[in-house]
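protein25.cif follows; it contains mmCIF, C-alpha atoms.
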```
data_coords
loop_
_atom_site.label_atom_id
_atom_site.label_comp_id
_atom_site.auth_asym_id
_atom_site.auth_seq_id
_atom_site.Cartn_x
_atom_site.Cartn_y
_atom_site.Cartn_z
CA MET A 1 4.92 -32.59 9.84
CA ALA A 2 2.16 -30.13 9.05
CA GLY A 3 -0.54 -32.75 8.91
CA HIS A 4 -1.49 -35.07 6.10
CA LEU A 5 -3.28 -32.36 4.15
CA PHE A 6 -0.37 -29.95 3.79
CA PRO A 7 1.70 -30.78 0.71
CA ARG A 8 5.43 -30.62 0.22
CA MET A 9 6.63 -27.29 -1.16
CA TYR A 10 9.18 -25.84 -3.61
CA ARG A 11 10.85 -22.46 -3.18
CA ILE A 12 10.49 -20.41 -6.36
CA ARG A 13 12.34 -17.30 -7.44
CA GLN A 14 10.65 -14.87 -9.78
CA LYS A 15 13.01 -13.13 -12.20
CA PHE A 16 12.35 -9.52 -13.16
CA ASP A 17 14.12 -7.27 -15.62
CA LEU A 18 13.15 -3.89 -14.23
CA PRO A 19 14.51 -0.35 -13.99
CA ALA A 20 15.92 0.77 -10.65
CA VAL A 21 17.27 4.08 -9.34
CA ASN A 22 20.75 3.42 -7.98
CA ASP A 23 21.50 6.84 -6.46
CA ILE A 24 18.24 7.98 -4.94
CA PRO A 25 19.42 11.30 -3.40
CA ALA A 26 21.00 12.33 -6.72
CA ALA A 27 17.88 11.40 -8.67
CA VAL A 28 15.65 13.37 -6.28
CA ARG A 29 17.90 16.42 -6.53
CA ASP A 30 18.09 16.23 -10.32
CA GLU A 31 14.31 15.99 -10.66
CA ILE A 32 13.63 18.94 -8.36
CA GLU A 33 16.38 21.07 -9.92
CA ARG A 34 14.87 20.40 -13.35
CA LEU A 35 11.78 22.38 -12.25
CA GLY A 36 13.77 25.59 -11.74
CA LEU A 37 12.26 26.61 -8.41
CA SER A 38 14.69 29.39 -7.47
CA SER A 39 12.32 32.11 -8.65
CA ASP A 40 9.35 30.58 -6.80
CA ILE A 41 10.90 30.44 -3.34
CA LYS A 42 11.88 33.47 -1.28
CA LYS A 43 14.29 33.19 1.63
CA GLY A 44 12.44 31.99 4.71
CA ASP A 45 9.36 30.71 2.85
CA THR A 46 7.69 27.87 4.74
CA VAL A 47 7.11 24.65 2.81
CA ALA A 48 4.82 21.84 4.00
CA VAL A 49 6.07 18.48 2.72
CA THR A 50 3.66 15.55 2.89
CA ALA A 51 4.37 12.12 4.36
CA GLY A 52 1.77 9.39 4.02
CA SER A 53 0.71 6.24 5.83
CA ARG A 54 2.36 3.73 3.49
CA ASN A 55 5.76 2.16 4.05
CA ILE A 56 7.46 3.46 0.90
CA THR A 57 10.96 2.20 0.09
CA GLU A 58 13.71 4.64 1.17
CA ILE A 59 11.10 7.14 2.34
CA VAL A 60 13.34 8.65 5.02
CA THR A 61 16.19 9.17 2.54
CA ILE A 62 13.80 10.70 0.01
CA LEU A 63 12.20 13.05 2.51
CA ARG A 64 15.57 14.09 3.94
CA THR A 65 16.82 14.88 0.43
CA VAL A 66 13.72 16.91 -0.47
CA ILE A 67 14.06 18.84 2.80
CA GLY A 68 17.73 19.48 2.05
CA VAL A 69 17.06 20.77 -1.47
CA LEU A 70 14.34 23.12 -0.20
CA ALA A 71 16.61 24.39 2.58
CA ASP A 72 19.38 25.02 0.03
CA LEU A 73 16.90 27.20 -1.88
CA GLY A 74 16.41 29.30 1.26
CA ALA A 75 13.09 27.79 2.34
CA THR A 76 12.05 26.61 5.81
CA PRO A 77 10.54 23.17 5.21
CA PHE A 78 8.60 20.95 7.61
CA VAL A 79 6.82 17.61 7.31
CA ILE A 80 3.07 17.12 7.72
CA PRO A 81 1.17 13.81 7.86
CA ALA A 82 -1.12 13.44 4.84
CA MET A 83 -3.04 10.25 5.50
CA GLY A 84 -6.76 11.04 5.81
CA SER A 85 -8.10 9.22 8.86
CA HIS A 86 -5.19 6.84 9.41
CA GLY A 87 -3.29 6.83 12.69
CA GLY A 88 -6.56 6.60 14.57
CA GLY A 89 -7.73 9.90 13.09
CA THR A 90 -5.77 11.98 15.61
CA ALA A 91 -2.85 14.38 15.21
CA GLU A 92 -0.80 12.41 17.74
CA GLY A 93 -1.66 9.08 16.15
CA GLN A 94 -0.51 10.27 12.75
CA VAL A 95 2.83 11.46 14.13
CA GLU A 96 3.24 8.08 15.81
CA LEU A 97 2.50 6.29 12.53
CA LEU A 98 5.22 8.30 10.79
CA ARG A 99 7.60 7.47 13.63
CA ARG A 100 7.07 3.74 12.96
CA TYR A 101 8.41 4.34 9.46
CA GLY A 102 11.42 6.17 10.87
CA ILE A 103 10.10 9.63 9.95
CA THR A 104 11.00 11.93 12.81
CA GLU A 105 12.38 15.45 13.23
CA GLU A 106 15.83 13.96 13.79
CA SER A 107 15.77 11.60 10.79
CA VAL A 108 14.54 14.07 8.17
CA GLY A 109 16.12 17.24 9.56
CA CYS A 110 13.05 19.41 10.10
CA PRO A 111 9.96 19.66 12.35
CA VAL A 112 6.99 17.30 11.96
CA CYS A 113 3.78 19.32 12.38
CA SER A 114 0.44 17.57 12.76
CA SER A 115 -3.15 18.77 13.06
CA MET A 116 -6.57 17.48 12.04
CA GLU A 117 -7.94 20.97 11.35
CA THR A 118 -8.97 21.71 7.77
CA VAL A 119 -9.90 24.64 5.55
CA ASN A 120 -12.83 24.54 3.12
CA LEU A 121 -11.58 25.55 -0.35
CA GLY A 122 -14.95 25.49 -2.12
CA ILE A 123 -17.82 23.31 -3.28
CA THR A 124 -17.71 21.10 -6.38
CA ASP A 125 -20.50 20.91 -8.95
CA LEU A 126 -21.44 17.58 -7.36
CA GLY A 127 -22.12 19.40 -4.11
CA PHE A 128 -19.34 18.35 -1.74
CA PRO A 129 -16.59 20.52 -0.22
CA VAL A 130 -12.87 20.32 -0.95
CA LEU A 131 -10.93 20.37 2.32
CA ILE A 132 -7.22 20.74 3.04
CA ASP A 133 -5.02 20.52 6.11
CA ARG A 134 -4.93 23.96 7.75
CA ILE A 135 -1.19 23.82 8.41
CA ALA A 136 -0.53 23.06 4.75
CA TYR A 137 -2.91 25.79 3.63
CA GLU A 138 -1.18 28.40 5.78
CA ALA A 139 2.31 27.50 4.55
CA ASP A 140 3.88 29.54 1.77
CA HIS A 141 4.17 26.39 -0.37
CA ILE A 142 3.09 22.75 -0.39
CA VAL A 143 5.13 19.84 -1.73
CA VAL A 144 3.29 16.54 -2.23
CA LEU A 145 5.25 13.30 -2.16
CA ASN A 146 3.68 9.91 -2.81
CA ARG A 147 4.02 6.52 -4.45
CA VAL A 148 2.09 6.06 -7.70
CA LYS A 149 0.43 2.65 -7.99
CA PRO A 150 -2.85 0.97 -8.91
CA HIS A 151 -5.54 1.47 -6.29
CA THR A 152 -6.89 -1.52 -4.41
CA ARG A 153 -10.55 -0.77 -5.11
CA PHE A 154 -11.20 1.52 -8.07
CA THR A 155 -9.86 1.71 -11.61
CA ALA A 156 -9.36 5.08 -13.32
CA PRO A 157 -6.76 7.11 -15.27
CA VAL A 158 -5.53 8.45 -11.91
CA GLU A 159 -5.51 6.08 -8.93
CA SER A 160 -3.12 6.13 -5.95
CA GLY A 161 -0.59 8.92 -6.29
CA LEU A 162 -0.14 12.68 -6.12
CA VAL A 163 -3.75 13.68 -6.83
CA LYS A 164 -5.16 11.26 -4.28
CA MET A 165 -2.60 12.47 -1.72
CA CYS A 166 -3.68 16.08 -2.32
CA LEU A 167 -7.37 15.32 -1.90
CA ILE A 168 -7.77 12.44 0.54
CA GLY A 169 -4.40 12.55 2.31
CA LEU A 170 -4.38 16.31 2.90
CA GLY A 171 -8.14 16.30 3.47
CA LYS A 172 -7.45 14.69 6.87
CA ALA A 173 -10.14 12.56 8.53
CA GLU A 174 -13.10 14.74 7.58
CA GLY A 175 -11.94 15.24 4.01
CA ALA A 176 -11.31 11.53 3.61
CA ARG A 177 -14.85 10.79 4.81
CA ILE A 178 -16.30 13.32 2.40
CA TYR A 179 -14.35 11.99 -0.58
CA HIS A 180 -15.10 8.36 0.11
CA ARG A 181 -18.79 9.20 0.45
CA ALA A 182 -18.63 11.05 -2.88
CA ILE A 183 -16.71 8.16 -4.49
CA GLU A 184 -19.31 5.69 -3.23
CA ARG A 185 -22.07 7.79 -4.83
CA PHE A 186 -20.47 9.19 -7.98
CA GLY A 187 -17.30 7.15 -8.59
CA TRP A 188 -13.68 8.29 -8.34
CA ARG A 189 -13.51 9.24 -12.04
CA ASP A 190 -16.16 11.93 -11.58
CA VAL A 191 -14.77 13.14 -8.26
CA TYR A 192 -11.06 13.78 -8.59
CA GLY A 193 -10.78 16.09 -11.62
CA GLN A 194 -12.78 19.11 -10.48
CA SER A 195 -11.75 18.61 -6.86
CA PHE A 196 -8.08 18.77 -7.75
CA ARG A 197 -8.58 21.83 -9.94
CA ILE A 198 -10.23 23.67 -7.03
CA LEU A 199 -7.40 22.65 -4.71
CA SER A 200 -4.63 23.66 -7.13
CA GLU A 201 -6.27 27.05 -7.75
CA LYS A 202 -6.86 27.84 -4.06
CA THR A 203 -3.55 26.65 -2.58
CA ARG A 204 0.15 27.31 -3.12
CA LEU A 205 0.99 23.84 -4.42
CA LEU A 206 4.63 24.00 -5.50
CA PHE A 207 5.36 20.56 -6.95
CA GLY A 208 4.82 16.85 -6.50
CA LEU A 209 7.39 14.08 -6.31
CA ALA A 210 6.03 10.84 -7.75
CA LEU A 211 7.74 7.58 -6.74
CA ILE A 212 7.32 4.23 -8.47
CA GLU A 213 8.43 1.02 -6.80
CA ASN A 214 9.42 -1.97 -8.91
CA ALA A 215 8.70 -5.63 -8.25
CA HIS A 216 11.89 -5.90 -6.15
CA LYS A 217 10.46 -3.21 -3.84
CA LYS A 218 13.16 -0.82 -5.03
CA ILE A 219 12.58 2.66 -6.39
CA GLY A 220 12.21 2.17 -10.13
CA SER A 221 11.44 5.74 -11.14
CA ILE A 222 11.20 9.26 -9.68
CA ALA A 223 9.43 12.18 -11.32
CA ALA A 224 8.97 15.77 -10.12
CA LEU A 225 5.86 17.45 -11.54
CA ARG A 226 4.47 20.94 -11.48
CA PRO A 227 0.78 20.99 -10.41
CA ASP A 228 -0.44 21.72 -13.95
CA ARG A 229 1.08 18.37 -15.02
CA PHE A 230 -0.49 16.17 -12.33
CA LEU A 231 -3.63 15.24 -14.26
CA ILE A 232 -1.67 14.90 -17.51
CA ASP A 233 1.36 12.92 -16.40
CA GLU A 234 0.02 10.79 -13.57
CA PRO A 235 -1.89 8.41 -15.93
CA LEU A 236 1.42 7.75 -17.72
CA LEU A 237 3.19 7.14 -14.40
CA LEU A 238 0.38 4.78 -13.37
CA SER A 239 0.88 2.77 -16.54
CA SER A 240 4.58 2.56 -15.78
CA ALA A 241 3.84 1.48 -12.21
CA ARG A 242 1.62 -1.35 -13.47
CA SER A 243 4.42 -2.59 -15.71
CA MET A 244 6.80 -2.77 -12.72
CA MET A 245 4.41 -4.58 -10.36
CA ALA A 246 4.92 -8.17 -9.29
CA GLY A 247 2.15 -10.70 -9.40
CA ILE A 248 1.65 -14.36 -8.53
CA PRO A 249 2.20 -16.21 -11.83
CA VAL A 250 0.32 -19.38 -10.87
CA ALA A 251 -3.26 -20.07 -11.92
CA GLU A 252 -6.06 -22.10 -10.35
CA ILE A 253 -4.75 -21.78 -6.79
CA ASP A 254 -6.72 -23.61 -4.11
CA LEU A 255 -5.12 -21.84 -1.16
CA LEU A 256 -3.04 -18.67 -0.95
CA VAL A 257 -1.18 -18.51 2.38
CA VAL A 258 -0.11 -14.98 3.35
CA ASP A 259 2.29 -14.61 6.30
CA GLU A 260 1.39 -10.98 7.07
CA MET A 261 -0.98 -8.19 6.11
CA GLY A 262 -1.12 -4.55 7.19
CA LYS A 263 -1.67 -0.93 6.19
CA ASP A 264 2.07 -0.53 5.70
CA ILE A 265 1.83 -3.16 2.96
CA SER A 266 -1.37 -2.05 1.23
CA GLY A 267 -4.43 0.08 1.84
CA THR A 268 -6.39 -3.15 2.10
CA GLY A 269 -3.72 -5.01 4.05
CA MET A 270 -3.14 -7.30 1.08
CA ASP A 271 -2.94 -5.66 -2.34
CA THR A 272 -6.09 -6.62 -4.23
CA ASN A 273 -4.23 -6.11 -7.51
CA VAL A 274 -2.21 -9.17 -6.46
CA THR A 275 -4.96 -11.29 -4.87
CA GLY A 276 -7.57 -10.31 -7.46
CA ARG A 277 -10.12 -9.50 -4.76
CA LYS A 278 -10.91 -6.14 -6.29
CA ASP A 279 -14.09 -4.79 -7.85
CA GLY A 280 -14.34 -6.13 -11.39
CA HIS A 281 -11.54 -8.70 -10.95
CA SER A 282 -11.44 -12.43 -10.22
CA SER A 283 -9.68 -13.86 -7.18
CA ILE A 284 -6.50 -15.77 -8.00
CA ALA A 285 -7.28 -18.31 -5.24
CA ARG A 286 -10.34 -20.16 -4.03
CA CYS A 287 -9.32 -19.48 -0.44
CA ILE A 288 -6.98 -16.99 1.23
CA PHE A 289 -5.46 -17.64 4.66
CA VAL A 290 -3.69 -14.70 6.31
CA ARG A 291 -1.57 -15.72 9.30
CA ASP A 292 -0.60 -12.48 11.07
CA LEU A 293 -0.67 -8.69 11.21
CA SER A 294 2.49 -6.75 10.41
CA ALA A 295 4.30 -5.00 13.23
CA LYS A 296 3.91 -1.60 11.54
CA ALA A 297 0.16 -1.89 10.94
CA GLY A 298 -0.64 -0.23 14.25
CA GLY A 299 -3.45 -2.71 14.85
CA ASN A 300 -5.36 -1.59 11.76
CA SER A 301 -6.32 -4.78 9.92
CA LEU A 302 -8.62 -3.23 7.31
CA GLY A 303 -8.73 -5.76 4.49
CA ILE A 304 -8.95 -8.79 6.75
CA GLY A 305 -12.48 -9.27 5.43
CA LEU A 306 -11.06 -9.93 1.96
CA SER A 307 -9.55 -13.18 3.24
CA ASP A 308 -11.34 -16.41 4.18
CA PHE A 309 -9.34 -17.70 7.16
CA THR A 310 -7.16 -16.20 9.84
CA THR A 311 -5.68 -16.89 13.27
CA LYS A 312 -6.58 -15.85 16.77
CA ARG A 313 -3.10 -14.33 17.16
CA LEU A 314 -3.91 -11.89 14.33
CA VAL A 315 -7.39 -11.08 15.62
CA ASP A 316 -6.01 -10.41 19.12
CA LYS A 317 -3.75 -7.70 17.63
CA ILE A 318 -6.59 -5.76 15.99
CA ASP A 319 -7.25 -2.21 17.14
CA HIS A 320 -10.96 -2.18 16.35
CA HIS A 321 -11.27 1.57 16.84
CA ALA A 322 -8.57 2.25 14.22
CA MET A 323 -9.95 -0.36 11.83
CA TYR A 324 -13.56 0.74 12.12
CA LEU A 325 -12.64 4.41 11.74
CA ASN A 326 -10.75 3.51 8.56
CA ALA A 327 -13.65 1.32 7.35
CA ARG A 328 -16.25 4.02 7.98
CA THR A 329 -14.09 6.62 6.28
CA ALA A 330 -13.59 4.37 3.25
CA TYR A 331 -17.22 3.15 3.23
CA ARG A 332 -16.03 -0.48 3.38
CA THR A 333 -18.04 -2.82 5.55
CA ASP A 334 -16.67 -5.81 3.62
CA ALA A 335 -13.00 -5.15 4.39
CA CYS A 336 -13.40 -5.05 8.19
CA LYS A 337 -15.35 -8.28 8.65
CA ILE A 338 -13.51 -10.97 10.59
CA PRO A 339 -13.18 -14.24 8.63
CA MET A 340 -13.20 -17.76 10.07
CA THR A 341 -10.70 -17.63 12.93
CA PHE A 342 -8.65 -20.54 14.25
CA GLU A 343 -6.32 -21.17 17.18
CA SER A 344 -3.63 -22.62 14.91
CA ASP A 345 -2.42 -22.54 11.32
CA ILE A 346 -3.14 -26.23 10.86
CA GLU A 347 -6.80 -25.81 11.78
CA ALA A 348 -7.11 -23.06 9.17
CA ILE A 349 -5.36 -25.17 6.53
CA GLU A 350 -7.54 -28.17 7.25
CA ALA A 351 -10.64 -25.98 6.93
CA SER A 352 -9.42 -24.58 3.61
CA ALA A 353 -8.68 -28.05 2.26
CA PHE A 354 -12.19 -29.11 3.24
CA MET A 355 -13.71 -26.03 1.58
CA CYS A 356 -11.74 -26.75 -1.61
CA GLY A 357 -12.78 -30.38 -1.63
CA ILE A 358 -9.20 -31.63 -1.20
CA VAL A 359 -8.69 -35.17 0.11
CA ASP A 360 -5.31 -35.90 -1.50
CA PRO A 361 -2.50 -33.47 -0.58
CA ALA A 362 -0.81 -34.24 -3.89
CA GLN A 363 -3.68 -32.39 -5.58
CA PHE A 364 -3.67 -29.40 -3.19
CA ARG A 365 -2.59 -26.30 -5.17
CA VAL A 366 -1.02 -24.03 -2.54
CA VAL A 367 0.99 -20.82 -2.95
CA TRP A 368 2.69 -19.37 0.14
CA ILE A 369 3.94 -15.75 0.19
CA ARG A 370 5.29 -13.41 2.85
CA ASN A 371 3.05 -10.50 1.81
CA THR A 372 1.72 -8.95 -1.39
CA LEU A 373 4.66 -6.53 -1.67
CA GLU A 374 7.50 -9.05 -1.53
CA LEU A 375 7.06 -11.58 -4.32
CA ASP A 376 10.65 -12.20 -5.44
CA THR A 377 10.51 -15.58 -3.72
CA PHE A 378 7.56 -17.69 -2.71
CA HIS A 379 6.63 -21.34 -2.22
CA VAL A 380 4.33 -23.54 -4.29
CA SER A 381 3.05 -27.04 -3.69
CA GLU A 382 3.97 -30.02 -5.83
CA ALA A 383 0.64 -29.79 -7.66
CA CYS A 384 1.71 -26.37 -9.07
CA ILE A 385 5.23 -27.32 -10.15
CA HIS A 386 4.26 -28.21 -13.73
CA ASP A 387 2.99 -24.64 -14.24
CA VAL A 388 6.21 -23.24 -12.77
CA LYS A 389 8.38 -25.24 -15.16
CA LYS A 390 6.51 -23.78 -18.15
CA ASN A 391 7.19 -20.18 -17.06
CA ARG A 392 10.61 -18.87 -18.10
CA SER A 393 10.48 -16.08 -15.52
CA LEU A 394 10.39 -18.62 -12.67
CA ALA A 395 13.25 -20.70 -11.28
CA ILE A 396 13.06 -23.55 -8.77
CA GLU A 397 15.55 -22.88 -5.96
CA THR A 398 14.84 -25.76 -3.59
CA GLY A 399 12.37 -28.55 -3.11
CA PRO A 400 10.41 -30.45 -2.57
CA ILE A 401 10.64 -29.86 1.16
CA ASP A 402 8.43 -30.98 4.03
CA ILE A 403 6.76 -28.28 6.10
CA PHE A 404 6.85 -28.71 9.88
CA THR A 405 4.93 -27.17 12.73
CA ASP A 406 5.76 -25.93 16.21
CA PRO A 407 4.20 -27.45 19.35
CA ASP A 408 1.14 -25.17 18.91
CA ASN A 409 0.45 -26.51 15.41
CA ASN A 410 1.59 -23.33 13.69
CA LEU A 411 3.65 -23.50 10.52
CA LEU A 412 7.41 -23.15 10.75
CA THR A 413 8.07 -20.80 7.88
CA PRO A 414 10.63 -22.09 5.37
CA HIS A 415 13.42 -19.74 4.30
CA LEU A 416 11.36 -17.55 1.96
CA TYR A 417 13.25 -14.31 2.33
#
```
Rendering of file as structure tokens:
Amino acid sequence: MAGHLFPRMYRIRQKFDLPAVNDIPAAVRDEIERLGLSSDIKKGDTVAVTAGSRNITEIVTILRTVIGVLADLGATPFVIPAMGSHGGGTAEGQVELLRRYGITEESVGCPVCSSMETVNLGITDLGFPVLIDRIAYEADHIVVLNRVKPHTRFTAPVESGLVKMCLIGLGKAEGARIYHRAIERFGWRDVYGQSFRILSEKTRLLFGLALIENAHKKIGSIAALRPDRFLIDEPLLLSSARSMMAGIPVAEIDLLVVDEMGKDISGTGMDTNVTGRKDGHSSIARCIFVRDLSAKAGGNSLGIGLSDFTTKRLVDKIDHHAMYLNARTAYRTDACKIPMTFESDIEAIEASAFMCGIVDPAQFRVVWIRNTLELDTFHVSEACIHDVKKNRSLAIETGPIDIFTDPDNNLLTPHLY
């Protein structure tokens, strides 16, 4: 068994009553057609369509549908990476990152064009330039596609979504550095408004497609917006996104065990809106132990510093160049620090129990999740089960069960998913 300090666990299912889009291609087409674009697009017009560095649900289907609608209107669309400095801050690295998500010329039906060159659109009143991808700038039109969700660091009327994609995503590595420096000095609230107005006036931004994922990691809502509606409608979409998010409905957690982190899961590897390790918030757990890096993270473990314990197998997978480039761009020295690192899971768990003052496993309040995106099912220790029984949105599926280890003293994951 997993040592005398690891408690027996129950598998819990979290019940959500949330909207979901059943026919995604139809919904995408309906939203775009609602904008009446036929008079905006001339036959042969080039359209740059953005693709970001997050693993968005059904992203290939959505992109392929957008490309198809634009082609039906007579346009010549192509995809461009819009991810700031991600993918190692190189044109080739960004194409490779898209490929890991299945976004290729063959899968979406059009070329994927990547460059790190930018164009300076002007200077804000705060004194910093607004940059945009040169390929996007030279296209006849730009279409921005992104997921709307709460940001992992700042809180504002507009957080992660279309506006941020326009500024930081399309700003490429240099633009991302400039914006994060400005955010560090002035705050996101004072940065994005004027910057977006300059960009929308100086470019041929056609429309944005906002995607909201629900707690089941399904598309819950799709909205196509004209550029003059971005700053008006995105706060409403953000509110809707918050209402569809999953959380961990257990309080006073001693240890949160996270199977995997990565940039494909969250900008900080683990969503701080879930863990609580966000500016102005309180952590939901005294200690966080992250076991591994996701396969699609590309070695970028930014956010590892927001945990307390990890494993050597995770640390050995880190691409320090990619992580440090991301950390420097985002002005985050905290998120790239390596926490206490152990050869095995059991060593990390024993250290966490010690740090929490646990001597009796029956009192050890542990929650075990796969990652911060997939919270339909998770495990809790026996000490948490009273709280679970009081919550009508939670159902006990199995338990209590003993947790076993492999010969290397690493946890054998129960059937969470």
Using the chain letters and numbering of this document, enumerate as number ranges by chain the residues selected by the PyMOL selection byres ((chain A and resi 65) around 9). A: 24-26, 28-29, 60-64, 66-70, 108
Between A:Glu397, A:Asp360, A:Glu350, A:Glu33, which has the minimum distance to Cys287 of chain A (counting all atoms listed in the file)? A:Glu350
Nearby residues (only C-alpha atoms) at most 8 Å from segment 252-259 of chain A, same-chain spacing under 5 positions excluded, as a PyMOL selection string: chain A and resi 284-292+352-353+356+364-372
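Distances from A:Ile103, A:Ala139, A:Ala176, A:Ile358 to Asn326 of chain A were compared using only C-alpha atoms, and the smallest one belongs to A:Ala176.
In this comparison, which uses all atoms listed in the file, the residue of A:Val274, A:Ile403, A:Met323, A:Met9 approaching Phe378 of chain A most closely is A:Met9.
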Exercise: Ile304 of chain A partners within 12 Å, only C-alpha atoms, chain neighbours under 2 positions left out, as a compact mmCIF listing (two decimals) with C-alpha atoms, in the coordinates of the input:
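Result written to out_36.txt:
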```
# COMPACT_ATOMS: atom_id res chain seq x y z
CA VAL A 258 -0.11 -14.98 3.35
CA GLU A 260 1.39 -10.98 7.07
CA MET A 261 -0.98 -8.19 6.11
CA GLY A 262 -1.12 -4.55 7.19
CA LYS A 263 -1.67 -0.93 6.19
CA SER A 266 -1.37 -2.05 1.23
CA GLY A 267 -4.43 0.08 1.84
CA THR A 268 -6.39 -3.15 2.10
CA GLY A 269 -3.72 -5.01 4.05
CA MET A 270 -3.14 -7.30 1.08
CA ASP A 271 -2.94 -5.66 -2.34
CA THR A 272 -6.09 -6.62 -4.23
CA ARG A 277 -10.12 -9.50 -4.76
CA ILE A 288 -6.98 -16.99 1.23
CA PHE A 289 -5.46 -17.64 4.66
CA VAL A 290 -3.69 -14.70 6.31
CA ARG A 291 -1.57 -15.72 9.30
CA ASP A 292 -0.60 -12.48 11.07
CA LEU A 293 -0.67 -8.69 11.21
CA GLY A 299 -3.45 -2.71 14.85
CA ASN A 300 -5.36 -1.59 11.76
CA SER A 301 -6.32 -4.78 9.92
CA LEU A 302 -8.62 -3.23 7.31
CA LEU A 306 -11.06 -9.93 1.96
CA SER A 307 -9.55 -13.18 3.24
CA ASP A 308 -11.34 -16.41 4.18
CA PHE A 309 -9.34 -17.70 7.16
CA THR A 310 -7.16 -16.20 9.84
CA THR A 311 -5.68 -16.89 13.27
CA LEU A 314 -3.91 -11.89 14.33
CA VAL A 315 -7.39 -11.08 15.62
CA ILE A 318 -6.59 -5.76 15.99
CA HIS A 320 -10.96 -2.18 16.35
CA MET A 323 -9.95 -0.36 11.83
CA TYR A 324 -13.56 0.74 12.12
CA ALA A 327 -13.65 1.32 7.35
CA ARG A 332 -16.03 -0.48 3.38
CA THR A 333 -18.04 -2.82 5.55
CA ASP A 334 -16.67 -5.81 3.62
CA ALA A 335 -13.00 -5.15 4.39
CA CYS A 336 -13.40 -5.05 8.19
CA LYS A 337 -15.35 -8.28 8.65
CA ILE A 338 -13.51 -10.97 10.59
CA PRO A 339 -13.18 -14.24 8.63
CA MET A 340 -13.20 -17.76 10.07
CA THR A 341 -10.70 -17.63 12.93
```
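Among A:Ile56, A:Met245, A:Ile349, A:Ile232, the residue with the shortest atom-to-atom distance to Leu18 of chain A, counting all atoms listed in the file, is A:Met245.
Comparing the minimum interatomic distances between Ala223 of chain A and each of A:Met83, A:Leu167, A:Leu238, A:Ala383, counting only C-alpha atoms, we find that A:Leu238 sits nearest.
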